[in-house]
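Structure data (mmCIF, C-alpha atoms and all ligand atoms) from protein21.cif:
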```
data_data
loop_
_atom_site.label_atom_id
_atom_site.label_comp_id
_atom_site.auth_asym_id
_atom_site.auth_seq_id
_atom_site.Cartn_x
_atom_site.Cartn_y
_atom_site.Cartn_z
CA MET A 1 79.63 105.88 304.77
CA ALA A 2 80.00 103.34 301.93
CA ALA A 3 83.29 102.91 300.02
CA TYR A 4 83.03 104.14 296.44
CA GLY A 5 86.31 102.65 295.26
CA SER A 6 85.40 99.00 295.95
CA GLY A 7 82.45 97.04 294.62
CA SER A 8 79.00 98.03 295.77
CA LEU A 9 75.49 96.81 295.05
CA ILE A 10 72.69 99.35 294.62
CA SER A 11 69.12 98.23 294.03
CA PHE A 12 66.13 100.06 292.57
CA GLU A 13 62.66 99.05 293.66
CA GLY A 14 59.07 100.17 293.18
CA ILE A 15 55.78 99.32 291.50
CA GLU A 16 55.44 98.67 287.76
CA GLY A 17 56.08 101.78 285.67
CA CYS A 18 57.77 103.75 288.46
CA GLY A 19 60.73 104.53 286.18
CA LYS A 20 63.46 102.28 287.62
CA SER A 21 65.14 101.40 284.34
CA THR A 22 65.24 105.03 283.11
CA GLN A 23 66.82 106.15 286.37
CA ILE A 24 69.34 103.32 286.37
CA ILE A 25 70.49 104.34 282.88
CA LEU A 26 70.87 107.99 283.93
CA LEU A 27 72.84 107.14 287.06
CA ALA A 28 75.06 104.71 285.14
CA LYS A 29 75.80 107.36 282.51
CA ARG A 30 76.93 109.81 285.16
CA LEU A 31 79.10 107.27 286.95
CA ARG A 32 80.68 106.03 283.73
CA ALA A 33 81.54 109.63 282.83
CA ALA A 34 83.51 109.58 286.10
CA GLN A 35 85.41 106.50 284.84
CA LYS A 36 83.66 104.07 287.18
CA GLU A 37 82.91 100.53 286.05
CA VAL A 38 79.14 100.11 286.23
CA VAL A 39 77.20 96.91 285.65
CA ILE A 40 73.47 97.24 284.97
CA SER A 41 71.37 94.21 285.72
CA ARG A 42 67.81 93.22 286.56
CA GLU A 43 65.61 90.53 288.03
CA PRO A 44 64.16 88.28 286.97
CA GLY A 45 65.97 87.27 283.79
CA ALA A 46 69.59 88.49 283.78
CA THR A 47 71.19 85.13 282.90
CA PRO A 48 70.36 82.55 280.18
CA LEU A 49 68.62 80.31 282.74
CA GLY A 50 67.01 83.39 284.29
CA ALA A 51 65.58 84.47 280.93
CA LYS A 52 63.72 81.16 280.76
CA LEU A 53 62.50 81.53 284.34
CA ARG A 54 61.34 85.09 283.60
CA ALA A 55 59.31 83.94 280.62
CA LEU A 56 57.62 81.30 282.80
CA LEU A 57 57.04 83.67 285.72
CA LEU A 58 55.42 86.40 283.63
CA ASP A 59 53.34 84.12 281.40
CA PRO A 60 49.62 84.68 282.15
CA ALA A 61 49.02 81.03 281.17
CA TYR A 62 50.36 79.89 284.56
CA SER A 63 49.19 80.66 288.07
CA PRO A 64 51.61 78.95 290.47
CA ASP A 65 50.95 79.04 294.20
CA ALA A 66 52.89 81.55 296.29
CA LEU A 67 55.58 79.10 297.40
CA THR A 68 56.29 77.86 293.87
CA GLU A 69 56.48 81.44 292.63
CA LEU A 70 58.84 82.33 295.49
CA LEU A 71 61.17 79.41 294.73
CA LEU A 72 61.34 80.33 291.04
CA TYR A 73 62.35 83.94 291.86
CA LEU A 74 64.96 82.64 294.29
CA ALA A 75 66.37 80.24 291.68
CA ASP A 76 66.68 83.17 289.27
CA ARG A 77 68.43 85.23 292.00
CA ARG A 78 70.88 82.50 292.93
CA GLU A 79 71.99 82.14 289.30
CA HIS A 80 72.11 85.93 288.88
CA ARG A 81 74.29 86.31 291.93
CA ARG A 82 76.70 83.53 290.85
CA GLN A 83 77.05 84.61 287.23
CA VAL A 84 76.71 88.40 287.33
CA ILE A 85 76.66 90.06 290.74
CA ALA A 86 79.44 88.30 292.67
CA PRO A 87 82.03 88.51 289.85
CA ALA A 88 81.23 92.20 289.23
CA LEU A 89 81.54 93.07 292.93
CA GLN A 90 84.81 91.20 293.14
CA ARG A 91 86.16 93.30 290.26
CA GLY A 92 85.22 96.42 292.21
CA ALA A 93 82.31 97.44 289.95
CA LEU A 94 79.21 99.30 290.99
CA VAL A 95 76.24 97.05 290.28
CA LEU A 96 72.91 98.77 289.65
CA VAL A 97 70.12 96.22 289.81
CA ASP A 98 66.51 96.68 288.74
CA ARG A 99 64.69 94.71 291.51
CA TYR A 100 66.36 92.39 294.01
CA VAL A 101 65.72 90.90 297.46
CA ASP A 102 63.12 93.48 298.51
CA SER A 103 60.83 92.78 295.54
CA THR A 104 60.49 89.21 296.78
CA TRP A 105 59.71 90.29 300.33
CA VAL A 106 57.09 92.73 299.04
CA TYR A 107 55.46 90.83 296.13
CA GLN A 108 55.57 87.26 297.47
CA GLY A 109 55.39 88.13 301.17
CA PHE A 110 53.68 91.42 301.99
CA ALA A 111 51.33 91.79 299.01
CA ARG A 112 50.47 88.13 298.37
CA ASP A 113 50.22 87.52 302.09
CA GLU A 114 50.60 83.75 301.68
CA VAL A 115 54.25 83.18 302.66
CA GLU A 116 55.61 84.34 306.01
CA PRO A 117 57.89 87.37 305.30
CA SER A 118 60.43 86.09 307.87
CA LEU A 119 60.83 82.90 305.79
CA ILE A 120 61.48 85.05 302.71
CA GLU A 121 64.09 87.03 304.62
CA LYS A 122 65.86 83.77 305.60
CA LEU A 123 65.76 82.34 302.07
CA ASN A 124 66.97 85.62 300.56
CA ARG A 125 69.96 85.55 302.94
CA LEU A 126 70.67 81.94 302.03
CA VAL A 127 70.57 82.74 298.30
CA VAL A 128 72.66 85.94 298.23
CA GLY A 129 74.84 85.66 301.35
CA ASP A 130 76.83 88.87 301.81
CA ASP A 131 75.84 90.30 298.44
CA TRP A 132 73.13 92.41 300.04
CA PRO A 133 72.43 95.94 298.68
CA LYS A 134 74.36 98.80 300.32
CA LEU A 135 71.81 101.33 299.06
CA THR A 136 68.23 100.87 297.84
CA PHE A 137 66.18 103.48 296.01
CA VAL A 138 62.41 103.09 296.21
CA LEU A 139 60.86 105.04 293.35
CA ASP A 140 57.53 105.84 294.88
CA CYS A 141 54.41 106.82 292.94
CA PRO A 142 50.67 106.10 293.14
CA ALA A 143 49.68 102.80 291.49
CA PRO A 144 47.51 104.41 288.76
CA VAL A 145 50.46 106.61 287.70
CA GLY A 146 52.85 103.64 287.45
CA LEU A 147 50.37 101.40 285.67
CA GLY A 148 49.50 104.20 283.23
CA ARG A 149 53.21 104.49 282.35
CA ALA A 150 53.58 100.71 282.03
CA ARG A 151 50.65 100.68 279.60
CA GLU A 152 52.16 103.55 277.63
CA ARG A 153 55.47 101.64 277.42
CA ASN A 154 53.66 98.54 276.15
CA ARG A 155 51.93 100.66 273.50
CA GLU A 156 55.23 102.17 272.36
CA THR A 157 56.93 98.78 272.17
CA GLY A 158 54.03 97.31 270.23
CA VAL A 159 52.81 94.91 272.92
CA GLU A 160 49.61 96.79 273.65
CA GLY A 161 47.01 94.61 275.29
CA VAL A 162 49.57 91.97 276.27
CA ALA A 163 49.87 92.82 279.95
CA ASP A 164 51.97 90.29 281.85
CA ARG A 165 50.70 88.27 284.80
CA PHE A 166 51.62 90.98 287.31
CA GLU A 167 50.29 93.95 285.33
CA GLN A 168 46.95 92.16 285.11
CA ARG A 169 46.47 92.26 288.87
CA HIS A 170 44.05 94.69 290.49
CA LEU A 171 44.93 98.20 291.56
CA ASP A 172 44.67 97.14 295.26
CA PHE A 173 47.47 94.65 294.72
CA HIS A 174 49.75 97.34 293.26
CA GLU A 175 48.83 99.76 296.06
CA SER A 176 49.74 97.07 298.54
CA VAL A 177 53.09 96.56 296.76
CA ARG A 178 53.70 100.30 297.07
CA GLN A 179 52.92 100.17 300.80
CA GLY A 180 55.21 97.15 301.24
CA PHE A 181 58.24 99.06 299.94
CA LEU A 182 57.37 102.02 302.19
CA VAL A 183 57.17 99.69 305.21
CA LEU A 184 60.63 98.28 304.45
CA ALA A 185 62.04 101.78 303.96
CA LYS A 186 60.75 102.84 307.37
CA VAL A 187 62.31 99.85 309.09
CA GLU A 188 65.73 100.05 307.38
CA LYS A 189 66.39 103.78 307.18
CA GLU A 190 70.13 103.40 306.77
CA ARG A 191 69.83 101.47 303.48
CA PHE A 192 66.66 102.86 301.87
CA ARG A 193 66.00 106.19 300.14
CA VAL A 194 62.40 106.87 299.09
CA ILE A 195 62.27 109.10 296.01
CA ASP A 196 59.07 110.77 294.78
CA ALA A 197 58.81 109.28 291.27
CA ASP A 198 55.71 111.22 290.21
CA ARG A 199 57.85 114.07 288.81
CA GLU A 200 60.02 114.94 285.81
CA ILE A 201 62.73 112.41 284.94
CA GLU A 202 65.57 114.93 285.43
CA THR A 203 64.26 116.09 288.83
CA ILE A 204 64.09 112.48 290.02
CA HIS A 205 67.61 111.86 288.73
CA ASP A 206 68.92 114.94 290.58
CA ASP A 207 67.51 113.57 293.86
CA ILE A 208 69.01 110.14 293.22
CA TRP A 209 72.39 111.67 292.42
CA ARG A 210 72.28 113.80 295.58
CA GLU A 211 71.51 110.78 297.77
CA PHE A 212 74.10 108.66 295.99
CA SER A 213 76.76 111.35 296.41
CA LEU A 214 76.01 111.69 300.12
CA LYS A 215 76.18 107.94 300.68
CA TYR A 216 79.45 107.54 298.78
CA ALA A 217 80.91 110.91 299.80
CA ILE A 218 81.40 112.23 296.26
CA ASN A 219 81.81 116.00 295.89
P1 LIG A 301 59.80 93.99 286.02
O1 LIG A 301 58.51 94.29 285.39
O2 LIG A 301 60.32 95.08 286.91
O3 LIG A 301 60.81 93.49 285.05
O4 LIG A 301 59.55 92.77 287.04
C1 LIG A 301 58.85 91.65 286.64
C2 LIG A 301 57.77 91.29 287.63
O5 LIG A 301 58.29 90.37 288.58
C3 LIG A 301 57.22 92.45 288.43
O6 LIG A 301 55.81 92.38 288.34
C4 LIG A 301 57.62 92.18 289.85
C5 LIG A 301 57.82 90.69 289.88
N1 LIG A 301 58.78 90.22 290.87
C6 LIG A 301 58.33 89.49 291.97
O7 LIG A 301 57.14 89.28 292.12
N2 LIG A 301 59.24 89.02 292.86
C7 LIG A 301 60.59 89.21 292.72
O8 LIG A 301 61.38 88.75 293.55
C8 LIG A 301 61.04 89.97 291.58
C9 LIG A 301 62.50 90.20 291.39
C10 LIG A 301 60.12 90.46 290.69
#
```

Represent the supplied structure as structure tokens.
Amino acid sequence: MAAYGSGSLISFEGIEGCGKSTQIILLAKRLRAAQKEVVISREPGATPLGAKLRALLLDPAYSPDALTELLLYLADRREHRRQVIAPALQRGALVLVDRYVDSTWVYQGFARDEVEPSLIEKLNRLVVGDDWPKLTFVLDCPAPVGLGRARERNRETGVEGVADRFEQRHLDFHESVRQGFLVLAKVEKERFRVIDADREIETIHDDIWREFSLKYAIN
């Protein structure tokens, strides 16, 4: 059982448009109502240097090879850990992060299939040390559902037609990303919780809250 009173890192993973950020906000609201310090963060792009790396990584004008892409995500993570995650954990906060180490294993390793996943595992460990997630929610939904939502979000925010470099990839790539997260979840059952994300927002939140409460022994 994880300790609720001290700092803890919880990551949210899944394909584009699976609803991670909505669910992070709902969980944070509930925890803050219980007087808990919650830090919401995301990758890539949570620090000033990271914001620049994010812009480069998502720009369709560039198509770096898999190793270059991997190193850029790791640079973003290292800075994120130093500036945001480690200090928050030391204060005893709960850190809810939208994508983290598993996205790299899945996107750059499993789905791109150009860098050995065991190398990614080693580099991830080097970059984050002990700041590994205690609990990871995979919001699972079929790729067409997620991509449909991502498109809808772009329309609402006025960036219709400006899909980023990852959204432009084929459906097979996104399906493979989905499978990658499910593979990880099968291997590391203690840390992962797979949540069916093709449902109403409140129903998904209820499941996340139930799993969170069990893990941290909250009544
Ligand atoms: P976002 O859309 O969830 O903000 O994530 C931006 C994109 O970056 C998304 O397509 C997934 C991708 N990504 C990786 O490929 N590797 C990583 O390590 C991370 C954190 C994100």

Ala75 in chain A surroundings by all atoms listed in the file, 12 Å radius, close-in-sequence under 2 positions cut, as an NGL selection string
:A and (43-47 or 49-54 or 57 or 68-73 or 77-82 or 104 or 123-124 or 126-128)

Ligand LIG 301 (chain A): which residues are within 9 Å, counting all atoms listed in the file, as a PyMOL selection string?
chain A and resi 13-17+20-21+42-45+54+57-58+69-70+72-74+76-77+98-108+150+164-167

Report, in Å with one decimal, the straight-line distance from CA of Ser11 in chain A to CA of Arg125 in chain A.
15.5 Å

Expected answer as a count of residues only: all residues with atoms within 12 Å of (56.5, 102.9, 301.3), only C-alpha atoms:
34

Quick one, how far is CA of Tyr62 in chain A from CA of His170 in chain A?
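Atom-to-atom, CA of Tyr62 in chain A and CA of His170 in chain A are spaced 17.1 Å apart.
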
Record the distance separating CA of Lys134 in chain A and CA of Gly109 in chain A, expressed in Å with one decimal.
21.8 Å

Measuring atom to atom with all atoms listed in the file, identify which of A:Pro48, A:Gly129, A:Pro64, A:Gly7 is nearest to Val95 in chain A.
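Among A:Pro48, A:Gly129, A:Pro64, A:Gly7, it is A:Gly7 that comes nearest to Val95 in chain A.
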
May I have the residues within 9 Å of Gln23 in chain A as a PyMOL selection string, using all atoms listed in the file and disregarding those fewer than 2 positions away in the same chain?
chain A and resi 12+19-21+25-28+201-202+204-205+208
